[in-house]
Amino acid sequence: MSQALLSHYENGLREPGLPFVVRAADYYGVSCDYLLGRSMARDGSAVPAGRMDMQRSEEWERKQVVAAASLLLELAEQTGSSQLPREVESYFALAIYKVYRYLYMADPAGVEAVFRTSREQFEYLCDARMKEHELRIRTAARGEEGFGLTRETLQPCAIAPNELSKQYPALSGALLTVLQQVSDSIDGFGKNIKSAK
């Protein structure tokens, strides 16, 4: 292949044919979906929700979420920050608390006195704390100070999808699948809102 043709492909002036895409995927050891930007995972495992096998079990989906959360905690620890992992854990804990309260509220036999925060207030207070932790996560991830955090020197942490696949082969597929599913979900949600206007 000539350098000029490759340049045309890279700059979007020409589109490669299917045989080229297949050869390139084989050469780089990735899936065609990855090359075409339809998957964030090199092996193509994280594909848009509409193309995912609808027969996957709830247990499989649960494992994906748990593995993805586990990898995020691992990545936070790899930065060498003493603050970032705590902020991520606190954020996850708030999400867990909030979901539990919703489930508990649906139980007619549930006794509200079990919780210190009232049913009317917990959602707003959780949302406020989650926003606070989001701000602190962003700040800690850059090693900056503020919002009760001190400045830290962080270790570089490669989190690009292809790097995650190399460094965490057992967990990266789960994270990339969750990211792809949520990306598809929020993109569809955004399009629905635009079309409703």
# chains A, B, ... in the order shown; residues from 1 in each chain; ligands from 1

call {"tool": "select_by_dssp", "arguments": {"residues": "region 19-147 of chain A", "states": "helix (DSSP H, G or I)", "output": "JSON, numbers by chain"}}
result
{"A": [19, 20, 21, 22, 23, 24, 25, 26, 27, 28, 32, 33, 34, 35, 49, 50, 51, 58, 59, 60, 61, 62, 63, 64, 65, 66, 67, 68, 69, 70, 71, 72, 73, 74, 75, 76, 77, 78, 84, 85, 86, 87, 88, 89, 90, 91, 92, 93, 94, 95, 96, 97, 98, 99, 100, 101, 102, 103, 104, 105, 112, 113, 114, 119, 120, 121, 122, 123, 124, 125, 126, 127, 128, 129, 130, 131, 132, 133, 134, 135, 136, 137, 138, 139, 140, 141]}

call {"tool": "residues_around", "arguments": {"residues": "Met105 (chain A)", "least_positions_apart": "5", "cutoff": "12 Å", "atoms": "only C-alpha atoms", "output": "PyMOL selection string"}}
result
chain A and resi 98-100+110-115+118-120+122-123

call {"tool": "residues_around", "arguments": {"residues": "Val22 (chain A)", "least_positions_apart": "5", "cutoff": "10 Å", "atoms": "only C-alpha atoms", "output": "list in words"}}
result
Gly17, Tyr27, Val30, Ser31, Cys32 and Leu35 of chain A

call {"tool": "residues_around", "arguments": {"residues": "region 154-171 of chain A", "least_positions_apart": "4", "cutoff": "9 Å", "atoms": "only C-alpha atoms", "output": "ChimeraX atom specification"}}
result
/A:40-43,64,67-68,70-71,75-76,78-81,141-143,175-176

call {"tool": "write_last_selection", "arguments": {"atoms": "N, CA, C and O atoms", "output": "compact mmCIF listing (two decimals), in the first residue's frame"}}
result
# COMPACT_ATOMS: atom_id res chain seq x y z
N MET A 40 -14.64 -0.20 22.28
CA MET A 40 -13.47 0.35 22.97
C MET A 40 -12.49 -0.75 23.32
O MET A 40 -11.37 -0.47 23.73
N ALA A 41 -12.91 -2.00 23.20
CA ALA A 41 -12.05 -3.14 23.55
C ALA A 41 -11.37 -3.66 22.30
O ALA A 41 -12.00 -3.82 21.26
N ARG A 42 -10.09 -3.92 22.42
CA ARG A 42 -9.32 -4.41 21.28
C ARG A 42 -9.89 -5.72 20.73
O ARG A 42 -9.81 -5.98 19.54
N ASP A 43 -10.46 -6.54 21.60
CA ASP A 43 -10.99 -7.81 21.14
C ASP A 43 -12.45 -7.71 20.67
O ASP A 43 -13.06 -8.70 20.30
N GLN A 64 -19.80 -8.06 35.38
CA GLN A 64 -19.15 -7.00 34.60
C GLN A 64 -19.06 -5.71 35.41
O GLN A 64 -18.03 -5.05 35.44
N ALA A 67 -16.55 -6.19 38.31
CA ALA A 67 -15.18 -6.19 37.80
C ALA A 67 -14.76 -4.79 37.35
O ALA A 67 -13.62 -4.37 37.57
N ALA A 68 -15.68 -4.04 36.74
CA ALA A 68 -15.37 -2.68 36.30
C ALA A 68 -15.07 -1.78 37.50
O ALA A 68 -14.10 -1.01 37.48
N SER A 70 -14.01 -2.75 40.38
CA SER A 70 -12.74 -3.24 40.93
C SER A 70 -11.55 -2.65 40.19
O SER A 70 -10.57 -2.22 40.79
N LEU A 71 -11.66 -2.62 38.87
CA LEU A 71 -10.58 -2.07 38.06
C LEU A 71 -10.42 -0.57 38.31
O LEU A 71 -9.29 -0.07 38.40
N LEU A 75 -7.01 1.20 39.46
CA LEU A 75 -6.39 2.32 38.74
C LEU A 75 -6.17 3.51 39.66
O LEU A 75 -5.13 4.17 39.57
N ALA A 76 -7.13 3.79 40.53
CA ALA A 76 -6.97 4.90 41.49
C ALA A 76 -5.78 4.64 42.40
O ALA A 76 -5.00 5.55 42.70
N GLN A 78 -3.15 2.79 41.68
CA GLN A 78 -1.91 2.81 40.90
C GLN A 78 -1.32 4.21 40.74
O GLN A 78 -0.15 4.35 40.45
N THR A 79 -2.14 5.23 40.92
CA THR A 79 -1.63 6.60 40.80
C THR A 79 -0.69 6.95 41.95
O THR A 79 0.01 7.94 41.88
N GLY A 80 -0.72 6.14 43.01
CA GLY A 80 0.09 6.44 44.19
C GLY A 80 -0.57 7.45 45.11
O GLY A 80 0.00 7.84 46.13
N SER A 81 -1.75 7.89 44.77
CA SER A 81 -2.47 8.85 45.60
C SER A 81 -3.03 8.15 46.83
O SER A 81 -3.54 7.04 46.75
N ALA A 141 -7.45 13.24 41.04
CA ALA A 141 -6.91 12.56 39.85
C ALA A 141 -5.85 13.40 39.15
O ALA A 141 -5.01 12.86 38.42
N ARG A 142 -5.87 14.70 39.37
CA ARG A 142 -4.84 15.59 38.80
C ARG A 142 -3.73 15.90 39.81
O ARG A 142 -2.80 16.63 39.49
N GLY A 143 -3.88 15.38 41.02
CA GLY A 143 -2.87 15.62 42.05
C GLY A 143 -2.91 17.03 42.62
O GLY A 143 -1.96 17.48 43.25
N LEU A 175 -14.76 -3.51 32.15
CA LEU A 175 -14.84 -2.06 32.20
C LEU A 175 -15.23 -1.49 30.84
O LEU A 175 -16.11 -0.64 30.74
N LEU A 176 -14.59 -1.98 29.79
CA LEU A 176 -14.87 -1.46 28.46
C LEU A 176 -16.29 -1.79 28.02
O LEU A 176 -16.95 -0.98 27.36

call {"tool": "residues_around", "arguments": {"residues": "Phe147 (chain A)", "least_positions_apart": "3", "cutoff": "12 Å", "atoms": "only C-alpha atoms", "output": "PyMOL selection string"}}
result
chain A and resi 83+87+131-140+144+150-151

call {"tool": "residues_around", "arguments": {"residues": "Leu5 (chain A)", "least_positions_apart": "6", "cutoff": "10 Å", "atoms": "only C-alpha atoms", "output": "PyMOL selection string"}}
result
chain A and resi 11+13-16

call {"tool": "write_last_selection", "arguments": {"atoms": "N, CA and C atoms", "output": "mmCIF file, in the first residue's frame"}}
result
data_model
loop_
_atom_site.group_PDB
_atom_site.id
_atom_site.type_symbol
_atom_site.label_atom_id
_atom_site.label_comp_id
_atom_site.auth_asym_id
_atom_site.auth_seq_id
_atom_site.Cartn_x
_atom_site.Cartn_y
_atom_site.Cartn_z
ATOM 1 N N ASN A 11 -6.910 10.379 6.872
ATOM 2 C CA ASN A 11 -7.529 11.704 6.867
ATOM 3 C C ASN A 11 -8.992 11.688 6.426
ATOM 4 N N LEU A 13 -10.221 10.930 3.542
ATOM 5 C CA LEU A 13 -10.458 11.295 2.143
ATOM 6 C C LEU A 13 -10.961 10.106 1.335
ATOM 7 N N ARG A 14 -10.570 8.922 1.745
ATOM 8 C CA ARG A 14 -11.035 7.682 1.118
ATOM 9 C C ARG A 14 -11.358 6.692 2.222
ATOM 10 N N GLU A 15 -12.255 5.788 1.935
ATOM 11 C CA GLU A 15 -12.597 4.746 2.894
ATOM 12 C C GLU A 15 -12.036 3.422 2.417
ATOM 13 N N PRO A 16 -11.409 2.675 3.324
ATOM 14 C CA PRO A 16 -10.854 1.385 2.925
ATOM 15 C C PRO A 16 -11.971 0.369 2.699
#
